[in-house]
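Colleague: File follows, work_6.cif with mmCIF, C-alpha atoms and all ligand atoms:
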data_model
loop_
_atom_site.label_atom_id
_atom_site.label_comp_id
_atom_site.auth_asym_id
_atom_site.auth_seq_id
_atom_site.Cartn_x
_atom_site.Cartn_y
_atom_site.Cartn_z
CA MET A 301 24.94 16.23 15.57
CA LYS A 302 23.58 15.61 12.12
CA TRP A 303 25.49 18.55 10.70
CA LEU A 304 28.69 17.42 12.36
CA LEU A 305 28.17 13.96 10.90
CA THR A 306 27.62 15.37 7.42
CA LEU A 307 30.65 17.62 7.69
CA LEU A 308 32.84 14.72 8.72
CA ILE A 309 31.73 12.74 5.70
CA ILE A 310 32.49 15.64 3.36
CA LEU A 311 35.86 16.24 5.01
CA SER A 312 36.85 12.63 4.79
CA CYS A 313 35.91 12.61 1.12
CA SER A 314 38.05 15.66 0.31
CA SER A 315 41.14 14.57 2.21
CA ALA A 316 41.55 10.86 2.77
CA PHE A 317 39.79 9.77 -0.39
CA ALA A 318 41.95 10.81 -3.26
CA GLN A 319 39.73 8.66 -5.43
CA CYS A 320 36.35 10.09 -4.49
CA GLY A 321 33.95 9.07 -7.21
CA GLY A 322 36.66 7.00 -8.90
CA VAL A 323 37.96 3.50 -8.37
CA PRO A 324 37.09 2.44 -4.83
CA ASP A 325 39.94 1.88 -2.41
CA LEU A 326 38.58 0.10 0.63
CA SER A 327 41.83 -0.41 2.50
CA MET A 328 41.19 2.74 4.50
CA PHE A 329 38.10 1.13 6.02
CA ASP A 330 40.02 -1.78 7.45
CA ASP A 331 39.62 -0.60 11.02
CA PHE A 332 35.84 -0.59 10.85
CA ASP A 333 35.28 0.09 14.52
CA GLY A 334 37.61 3.06 14.42
CA ILE A 335 36.13 4.84 11.41
CA THR A 336 32.49 3.99 11.17
CA THR A 337 29.58 4.98 13.33
CA PHE A 338 26.09 3.67 12.77
CA LEU A 339 25.08 6.03 9.95
CA ALA A 340 28.28 7.70 8.80
CA ARG A 341 29.37 4.94 6.45
CA PRO A 342 31.40 6.13 3.47
CA GLU A 343 31.72 2.49 2.41
CA VAL A 344 28.33 2.80 0.77
CA ARG A 345 29.65 5.10 -1.95
CA HIS A 346 33.00 3.38 -2.32
CA SER A 347 31.77 -0.18 -2.41
CA PRO A 348 32.73 -2.31 -5.41
CA CYS A 349 30.14 -3.68 -7.82
CA LYS A 350 27.63 -0.83 -7.55
CA ARG A 351 25.07 -0.81 -10.34
CA THR A 352 23.49 2.23 -11.87
CA PRO A 353 19.85 2.59 -10.75
CA PRO A 354 17.43 1.85 -13.59
CA THR A 355 16.01 4.69 -15.65
CA GLN A 356 12.30 4.96 -16.37
CA VAL A 357 12.97 3.53 -19.86
CA GLU A 358 14.83 0.55 -18.35
CA MET A 359 12.07 -0.10 -15.85
CA LEU A 360 9.50 -0.05 -18.65
CA ALA A 361 11.66 -2.44 -20.67
CA HIS A 362 11.81 -4.80 -17.67
CA LEU A 363 8.04 -4.70 -17.23
CA ASN A 364 7.31 -5.12 -20.93
CA GLY A 365 9.72 -8.06 -20.89
CA LEU A 366 7.33 -9.85 -18.52
CA ARG A 367 4.62 -10.04 -21.22
CA SER A 368 3.60 -13.56 -22.16
CA GLY A 369 1.69 -12.65 -25.32
CA VAL A 370 -1.66 -13.68 -23.83
CA THR A 371 -4.12 -10.79 -23.46
CA GLN A 372 -7.00 -11.03 -20.99
CA SER A 373 -9.94 -8.88 -19.93
CA LYS A 374 -10.31 -9.10 -16.18
CA THR A 375 -11.56 -7.17 -13.18
CA VAL A 376 -8.67 -6.94 -10.74
CA ALA A 377 -9.16 -5.23 -7.40
CA GLY A 378 -12.26 -3.51 -8.73
CA ALA A 379 -10.48 -2.24 -11.84
CA ALA A 380 -11.78 -3.39 -15.23
CA LEU A 381 -8.53 -4.09 -17.08
CA LYS A 382 -7.45 -5.54 -20.41
CA ASP A 383 -3.78 -6.39 -20.78
CA ASP A 384 -1.20 -9.15 -20.86
CA LYS A 385 -1.99 -11.78 -18.22
CA GLU A 386 1.44 -11.41 -16.56
CA LEU A 387 0.95 -7.68 -16.01
CA LEU A 388 -2.58 -8.32 -14.73
CA LYS A 389 -1.11 -10.84 -12.30
CA LEU A 390 1.43 -8.30 -11.07
CA PHE A 391 -1.27 -5.65 -10.60
CA GLY A 392 -3.35 -8.19 -8.66
CA GLU A 393 -0.41 -9.18 -6.45
CA MET A 394 -0.04 -5.56 -5.50
CA HIS A 395 -3.72 -4.79 -4.79
CA ASN A 396 -5.54 -8.02 -3.94
CA ARG A 397 -5.72 -9.20 -0.38
CA ASP A 398 -2.75 -11.44 0.39
CA PRO A 399 -3.74 -14.82 1.93
CA ARG A 400 -0.91 -14.44 4.45
CA SER A 401 -2.60 -11.34 5.86
CA ALA A 402 -4.84 -13.51 8.06
CA GLN A 403 -1.80 -14.34 10.21
CA GLN A 404 0.45 -11.41 9.46
CA GLY A 405 -1.80 -8.56 8.38
CA TRP A 406 0.82 -6.02 9.27
CA ARG A 407 3.23 -7.43 6.75
CA TYR A 408 1.16 -8.20 3.68
CA SER A 409 -1.78 -6.43 2.07
CA ARG A 410 -4.46 -6.78 4.62
CA GLY A 411 -8.21 -6.93 5.02
CA ALA A 412 -10.40 -6.87 1.95
CA THR A 413 -8.99 -6.36 -1.51
CA VAL A 414 -8.61 -2.65 -2.10
CA SER A 415 -10.94 -1.36 -4.81
CA VAL A 416 -9.34 1.00 -7.31
CA THR A 417 -10.89 2.63 -10.34
CA PRO A 418 -8.25 3.82 -12.78
CA PRO A 419 -9.48 5.61 -15.93
CA CYS A 420 -7.72 3.24 -18.33
CA LYS A 421 -7.60 -0.50 -19.03
CA GLU A 422 -3.87 -1.12 -19.52
CA VAL A 423 -1.90 -1.97 -16.37
CA LEU A 424 0.96 0.51 -16.87
CA CYS A 425 -1.50 3.30 -17.59
CA ALA A 426 -3.63 2.31 -14.58
CA MET A 427 -0.61 2.38 -12.27
CA GLN A 428 0.41 5.80 -13.55
CA ALA A 429 -3.13 7.12 -13.10
CA LEU A 430 -3.31 5.78 -9.53
CA TYR A 431 0.15 6.69 -8.29
CA GLY A 432 1.75 9.13 -10.74
CA GLU A 433 3.66 8.88 -13.98
CA GLU A 434 7.05 7.95 -12.51
CA LEU A 435 5.99 6.40 -9.22
CA GLY A 436 3.48 3.99 -10.78
CA ILE A 437 6.20 2.42 -12.94
CA GLN A 438 8.72 2.37 -10.08
CA MET A 439 6.23 0.55 -7.83
CA LEU A 440 5.48 -2.17 -10.38
CA TYR A 441 9.20 -2.66 -11.07
CA MET A 442 9.88 -2.83 -7.33
CA ARG A 443 7.18 -5.47 -6.82
CA SER A 444 8.38 -7.52 -9.78
CA LYS A 445 12.12 -7.45 -9.13
CA PHE A 446 12.53 -7.10 -5.36
CA GLY A 447 9.16 -8.40 -4.13
CA PHE A 448 8.31 -5.39 -1.95
CA ASN A 449 4.80 -3.97 -2.11
CA THR A 450 5.07 -0.18 -1.76
CA SER A 451 1.35 0.56 -2.26
CA HIS A 452 -0.12 2.63 0.55
CA LEU A 453 -3.53 1.97 -1.04
CA ALA A 454 -3.16 -1.80 -0.71
CA MET A 455 -1.86 -1.61 2.85
CA GLN A 456 -4.35 1.11 3.81
CA GLU A 457 -1.52 2.79 5.65
CA GLY A 458 1.11 5.43 5.02
CA ASP A 459 1.17 7.74 2.04
CA ALA A 460 2.51 7.72 -1.53
CA TRP A 461 6.28 7.45 -1.77
CA PRO A 462 7.91 10.56 -3.19
CA SER A 463 9.31 9.24 -6.47
CA GLN A 464 12.83 10.45 -5.72
CA ASP A 465 12.89 8.65 -2.37
CA LEU A 466 11.72 5.38 -3.88
CA GLY A 467 14.56 5.89 -6.37
CA THR A 468 17.01 6.01 -3.42
CA VAL A 469 15.50 2.77 -2.07
CA MET A 470 15.83 1.08 -5.46
CA ALA A 471 19.42 2.28 -5.91
CA MET A 472 20.28 0.45 -2.67
CA LEU A 473 18.35 -2.68 -3.66
CA GLU A 474 20.28 -2.78 -6.95
CA ASP A 475 23.36 -3.40 -4.78
CA MET A 476 21.99 -6.87 -4.02
CA PRO A 477 22.89 -9.78 -6.34
CA ASP A 478 20.14 -10.99 -8.68
CA SER A 479 20.49 -14.51 -7.30
CA ILE A 480 18.95 -13.54 -3.95
CA LEU A 481 15.99 -11.68 -5.45
CA PRO A 482 13.14 -11.20 -4.85
CA ILE A 483 13.95 -10.37 -1.24
CA ASN A 484 10.49 -11.07 0.15
CA GLU A 485 7.47 -11.59 -2.13
CA GLY A 486 4.67 -9.20 -1.23
CA MET A 487 6.20 -7.77 1.93
CA ARG A 488 5.16 -4.21 2.63
CA PHE A 489 7.61 -1.35 2.34
CA LEU A 490 5.82 1.80 3.35
CA HIS A 491 6.47 5.49 3.57
CA LEU A 492 4.99 6.75 6.82
CA PRO A 493 4.56 10.51 7.31
CA ALA A 494 5.15 10.28 11.05
CA ARG A 495 7.83 9.99 13.67
CA GLY A 496 8.76 6.39 14.42
CA ARG A 497 8.11 4.64 17.70
CA GLY A 498 10.59 5.95 20.21
CA GLY A 499 10.24 9.50 18.94
CA GLU A 500 12.74 11.20 16.72
CA GLU A 501 15.31 8.48 17.09
CA MET A 502 13.64 5.90 14.87
CA ILE A 503 14.13 6.58 11.19
CA ALA A 504 13.30 3.19 9.66
CA GLU A 505 12.46 -0.32 10.73
CA SER A 506 12.47 -3.78 9.31
CA LEU A 507 8.67 -4.08 9.01
CA MET A 508 9.53 -2.30 6.43
CA HIS A 509 8.91 1.37 7.10
CA VAL A 510 10.68 4.65 6.69
CA TYR A 511 9.64 7.55 8.88
CA LEU A 512 9.93 11.32 8.72
CA GLY A 513 13.38 11.23 10.32
CA TRP A 514 14.73 9.31 7.33
CA HIS A 515 14.25 12.39 5.15
CA GLU A 516 16.56 14.38 7.39
CA LEU A 517 19.50 12.12 6.55
CA ASN A 518 21.85 12.59 3.63
CA GLU A 519 21.71 10.01 0.84
CA SER A 520 24.63 7.95 2.16
CA GLU A 521 22.98 7.75 5.57
CA GLN A 522 19.63 6.87 4.00
CA THR A 523 21.22 4.01 2.08
CA THR A 524 23.03 2.78 5.19
CA SER A 525 19.82 2.67 7.20
CA LEU A 526 17.92 0.92 4.39
CA ALA A 527 20.61 -1.71 3.89
CA HIS A 528 20.62 -2.35 7.65
CA GLU A 529 16.83 -2.93 7.62
CA VAL A 530 17.06 -5.20 4.57
CA GLY A 531 19.70 -7.12 6.54
CA HIS A 532 17.04 -7.76 9.18
CA VAL A 533 14.70 -9.18 6.53
CA PHE A 534 17.40 -11.63 5.42
CA GLY A 535 18.09 -12.48 9.06
CA GLU A 536 14.57 -13.73 9.72
CA GLY A 537 14.61 -17.37 10.74
CA LYS A 538 18.41 -17.38 11.00
CA THR A 539 19.40 -15.23 13.97
CA ASP A 540 18.13 -17.62 16.64
CA LYS A 541 19.93 -20.65 15.17
CA PRO A 542 23.16 -22.06 16.65
CA GLU A 543 24.97 -21.58 13.31
CA TRP A 544 24.65 -17.82 13.75
CA LEU A 545 24.71 -17.57 17.57
CA ASN A 546 27.92 -19.57 17.87
CA LEU A 547 29.92 -17.25 15.62
CA SER A 548 29.98 -14.60 18.36
CA GLY A 549 29.21 -16.80 21.36
CA TRP A 550 25.72 -15.35 21.94
CA THR A 551 24.03 -16.58 25.14
CA LYS A 552 21.28 -15.32 27.41
CA ASN A 553 22.03 -14.21 30.96
CA ALA A 554 19.89 -14.80 34.06
CA ALA A 555 17.76 -11.75 33.18
CA ASN A 556 17.02 -13.27 29.75
CA GLN A 557 19.13 -10.64 27.98
CA TRP A 558 21.46 -11.44 25.12
CA VAL A 559 25.17 -11.30 25.83
CA MET A 560 27.82 -11.46 23.10
CA GLY A 561 30.44 -13.81 24.46
CA ARG A 562 33.10 -12.65 22.00
CA PRO A 563 32.56 -8.89 21.52
CA GLU A 564 35.71 -8.71 19.41
CA THR A 565 33.68 -10.36 16.63
CA ALA A 566 31.24 -7.40 16.45
CA VAL A 567 31.67 -5.36 13.28
CA LEU A 568 30.42 -2.28 15.15
CA GLY A 569 29.53 -1.46 18.73
CA TYR A 570 25.82 -1.51 17.86
CA ALA A 571 26.13 -5.11 16.70
CA GLN A 572 26.61 -6.11 20.35
CA THR A 573 22.96 -5.20 21.09
CA ASN A 574 21.54 -8.61 20.20
CA PRO A 575 21.92 -11.35 17.53
CA ASP A 576 19.51 -9.51 15.18
CA GLU A 577 21.52 -6.28 15.15
CA ASP A 578 24.72 -8.32 14.87
CA PHE A 579 23.27 -9.97 11.76
CA ALA A 580 22.05 -6.72 10.16
CA GLU A 581 25.41 -5.02 10.68
CA THR A 582 27.38 -8.03 9.44
CA PHE A 583 25.10 -8.16 6.38
CA PHE A 584 25.82 -4.48 5.75
CA MET A 585 29.56 -5.01 6.16
CA TYR A 586 29.60 -8.02 3.84
CA ARG A 587 28.01 -6.03 1.04
CA TYR A 588 29.73 -2.69 1.50
CA ASN A 589 33.09 -3.53 3.07
CA GLY A 590 33.57 -7.20 2.25
CA ALA A 591 37.37 -6.96 2.15
CA ALA A 592 37.55 -5.83 5.77
CA LEU A 593 35.02 -8.39 6.95
CA LYS A 594 36.93 -11.17 5.18
CA ARG A 595 40.20 -10.16 6.85
CA ARG A 596 38.77 -9.50 10.29
CA GLN A 597 35.99 -12.06 10.66
CA PRO A 598 36.49 -14.86 8.14
CA GLU A 599 33.91 -17.12 9.75
CA LYS A 600 31.19 -14.48 9.62
CA TYR A 601 32.25 -13.67 6.08
CA ARG A 602 31.88 -17.31 5.06
CA TYR A 603 28.45 -17.50 6.74
CA MET A 604 27.17 -14.48 4.78
CA LYS A 605 28.68 -15.73 1.53
CA GLU A 606 27.16 -19.19 1.75
CA ARG A 607 23.87 -18.67 3.60
CA VAL A 608 22.77 -15.22 2.51
CA PHE A 609 24.54 -14.00 -0.64
CA ASN A 610 24.44 -17.27 -2.56
CA GLY A 611 28.16 -17.13 -3.29
CA ALA A 612 28.25 -13.52 -4.58
CA GLU A 613 31.31 -11.67 -3.25
CA TYR A 614 32.19 -7.98 -3.05
CA ASP A 615 35.64 -8.05 -1.51
CA THR A 616 37.43 -6.95 -4.69
CA VAL A 617 36.49 -5.05 -7.82
CA ALA A 618 37.64 -8.08 -9.81
CA ASN A 619 34.82 -10.11 -8.27
CA CYS A 620 32.18 -7.81 -9.74
CA SER A 621 32.10 -9.59 -13.09
CA GLY A 622 31.31 -12.83 -11.27
CA VAL A 623 28.42 -11.47 -9.19
CA PRO A 624 25.39 -13.56 -10.18
ZN ZN A 701 18.44 -2.93 13.40
#
Please rewrite the model in this file as structure tokens.
Modeller:
Amino acid sequence: MKWLLTLLIILSCSSAFAQCGGVPDLSMFDDFDGITTFLARPEVRHSPCKRTPPTQVEMLAHLNGLRSGVTQSKTVAGAALKDDKELLKLFGEMHNRDPRSAQQGWRYSRGATVSVTPPCKEVLCAMQALYGEELGIQMLYMRSKFGFNTSHLAMQEGDAWPSQDLGTVMAMLEDMPDSILPINEGMRFLHLPARGRGGEEMIAESLMHVYLGWHELNESEQTTSLAHEVGHVFGEGKTDKPEWLNLSGWTKNAANQWVMGRPETAVLGYAQTNPDEDFAETFFMYRYNGAALKRRQPEKYRYMKERVFNGAEYDTVANCSGVP
């Protein structure tokens, strides 16, 4: 099935998409139920306003740009460090116990502060010693810009992200407008070397986790699944509110199961599962096929624009310059 899926993507790129890798033409995705399945989503590559993922030099420039000019000597998470106070703060946010862990230990760094003993006193050097030359910088950048804590040491769970895979995650996160960042301060985003709950089917979930199955996907599918899970994070606190439920006429039946009253408003069959999946798929469609969502579901488009994307639009290439 996976091979068939991959082949279909390649075929569609060589025939229908005369502009593969060039200027995106999204008109061919207008019939989003007809073309897309859950993971085979060519929109990801063809979406307008894609940014180039940061290089190591750019990530270092971002981190050095955080410096306040005030140097401190401090023991943070067991590490005796001497560096700019803003970088020390960032290191602490990644490794110290998060106060929210008392209620939601599964989401934020839990239990006692993890004790690390890097062989150097500067934060960037310490991160590289603890996690690896590339990964250490990626993780600090990720925590600073997007909010996610990717430290398996701090969470005492999972294993170290392969640097290339965290690069794929960051490339997707760069698709989000700056005005809605950070996505969730301190929320975990772990790499778990196991099969997800439900066996081989589960590849990622909104806790946030990626599982072994995620590695078996191609990059477009990986990005699709990640963007879907990030959609769930943005949907928290919104999907049970009338403003969202009314857009598709969601109600509960006698068996307490969700029923979509107007299934024609689903951007994909899977979105009919429940209001959460409806939200995650609509979020995905807004970012990666905004033109089709605007034409087909203007009310859902307006909801995403105003309540999630802070006015940033991706329906035309011309809008890219105005993305905040
Ligand atoms: Zn989902």
Colleague: Nearest to ligand ZN 701 (chain A): which of A:Asn610, A:Thr539, A:Ser506, A:Thr352 is it, counting only C-alpha atoms and all ligand atoms?
Modeller: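 The answer is A:Ser506, which sits nearest to ligand ZN 701 (chain A).
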Colleague: Return as a PyMOL selection string the residues of protein, DNA or RNA that approach ligand ZN 701 (chain A) to within 7 Å, with only C-alpha atoms and all ligand atoms taken into account.
Modeller: chain A and resi 528-529+532+576-577+580
Colleague: Compare A:Phe609, A:Phe391, A:Tyr588, A:Trp550 by their minimum atom-to-atom distance to Ile437 (chain A), counting only C-alpha atoms, and give me the closest one.
Modeller: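 When distances to Ile437 (chain A) are compared using only C-alpha atoms, the smallest one comes from A:Phe391.
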Colleague: For Val510 (chain A), which of A:Ala527, A:Leu387, A:Ala618, A:Leu492 is the closest residue, counting only C-alpha atoms?
Modeller: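 Of the candidates, the smallest distance to Val510 (chain A) is held by A:Leu492.
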Colleague: Give the answer as one residue: which of A:Val376, A:Met487, A:Ala460, A:Leu388 has the shortest atom-to-atom distance to Ser409 (chain A), using all atoms listed in the file?
Modeller: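 Among the listed residues, the smallest separation from Ser409 (chain A) belongs to A:Met487.
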Colleague: In terms of the shortest atom-to-atom distance over all atoms listed in the file, which of A:Cys349, A:Leu453, A:Val414, A:Ala361 is closest to Ala377 (chain A)?
Modeller: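 With all atoms listed in the file as the atom set, the closest residue is A:Val414.
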Colleague: Which one is closest to Thr523 (chain A): A:Asp478, A:Thr551, A:Glu343, A:Gly432? Count all atoms listed in the file.
Modeller: A:Glu343
Colleague: Where's the centre, and what are the edge lengths in Å to one decimal, of a box along x, y and z enclosing all listed atoms of region 386-404 of chain A padded 8 Å per side, as AutoDock Vina command-line options?
Modeller:
--center_x -2.1 --center_y -9.8 --center_z -3.2 --size_x 23.2 --size_y 26.0 --size_z 42.8
Colleague: Please measure the separation of CA of Arg351 (chain A) and CA of Met476 (chain A), giving the value in Å to one decimal.
Modeller: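 So the two atoms, CA of Arg351 (chain A) and CA of Met476 (chain A), lie 9.3 Å apart.
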Colleague: Leaving out region 362-373 of chain A and any residue of its chain fewer than 3 positions from it, which residues lie within 10 Å of it when counting all atoms listed in the file, given as a ChimeraX atom specification?
Modeller: /A:354,356-359,376,380-388,390,421-422,424,437,440-441,444-445
Colleague: Just to confirm, what's the straight-line distance from CA of Glu519 (chain A) to CA of Thr468 (chain A) in Å (one decimal)?
Modeller: 7.5 Å
Colleague: Enter the distance from CA of Leu490 (chain A) to CA of His509 (chain A), in Å, rounded to one decimal.
Modeller: 4.9 Å
Colleague: Contacts of Met470 (chain A) at 9 Å or less, counting all atoms listed in the file, minus same-chain residues fewer than 3 places along, as a ChimeraX atom specification?
Modeller: /A:353-354,438,442,446,465-467,473-475
Colleague: Excluding region 598-601 of chain A and any residue of its chain fewer than 2 positions from it, enumerate the residues within 10 Å of it, using all atoms listed in the file, and give them as a PDB file with C-alpha atoms, keeping the file's coordinate frame.
Modeller:
ATOM      1  CA  TRP A 544      24.650 -17.820  13.750  1.00  0.00           C
ATOM      2  CA  LEU A 547      29.920 -17.250  15.620  1.00  0.00           C
ATOM      3  CA  SER A 548      29.980 -14.600  18.360  1.00  0.00           C
ATOM      4  CA  THR A 565      33.680 -10.360  16.630  1.00  0.00           C
ATOM      5  CA  ALA A 566      31.240  -7.400  16.450  1.00  0.00           C
ATOM      6  CA  VAL A 567      31.670  -5.360  13.280  1.00  0.00           C
ATOM      7  CA  PHE A 579      23.270  -9.970  11.760  1.00  0.00           C
ATOM      8  CA  THR A 582      27.380  -8.030   9.440  1.00  0.00           C
ATOM      9  CA  PHE A 583      25.100  -8.160   6.380  1.00  0.00           C
ATOM     10  CA  MET A 585      29.560  -5.010   6.160  1.00  0.00           C
ATOM     11  CA  TYR A 586      29.600  -8.020   3.840  1.00  0.00           C
ATOM     12  CA  GLY A 590      33.570  -7.200   2.250  1.00  0.00           C
ATOM     13  CA  ALA A 591      37.370  -6.960   2.150  1.00  0.00           C
ATOM     14  CA  ALA A 592      37.550  -5.830   5.770  1.00  0.00           C
ATOM     15  CA  LEU A 593      35.020  -8.390   6.950  1.00  0.00           C
ATOM     16  CA  LYS A 594      36.930 -11.170   5.180  1.00  0.00           C
ATOM     17  CA  ARG A 595      40.200 -10.160   6.850  1.00  0.00           C
ATOM     18  CA  ARG A 596      38.770  -9.500  10.290  1.00  0.00           C
ATOM     19  CA  TYR A 603      28.450 -17.500   6.740  1.00  0.00           C
ATOM     20  CA  MET A 604      27.170 -14.480   4.780  1.00  0.00           C
ATOM     21  CA  LYS A 605      28.680 -15.730   1.530  1.00  0.00           C
ATOM     22  CA  GLU A 606      27.160 -19.190   1.750  1.00  0.00           C
ATOM     23  CA  GLU A 613      31.310 -11.670  -3.250  1.00  0.00           C
TER      24      GLU A 613
END
Colleague: Which residues, written as a VMD selection string, have at least one atom at most 12 Å from Ala494 (chain A), with only C-alpha atoms counted and residues fewer than 5 positions away on the same chain left out?
Modeller: chain A and resid 457 to 459 499 to 504 509 to 515
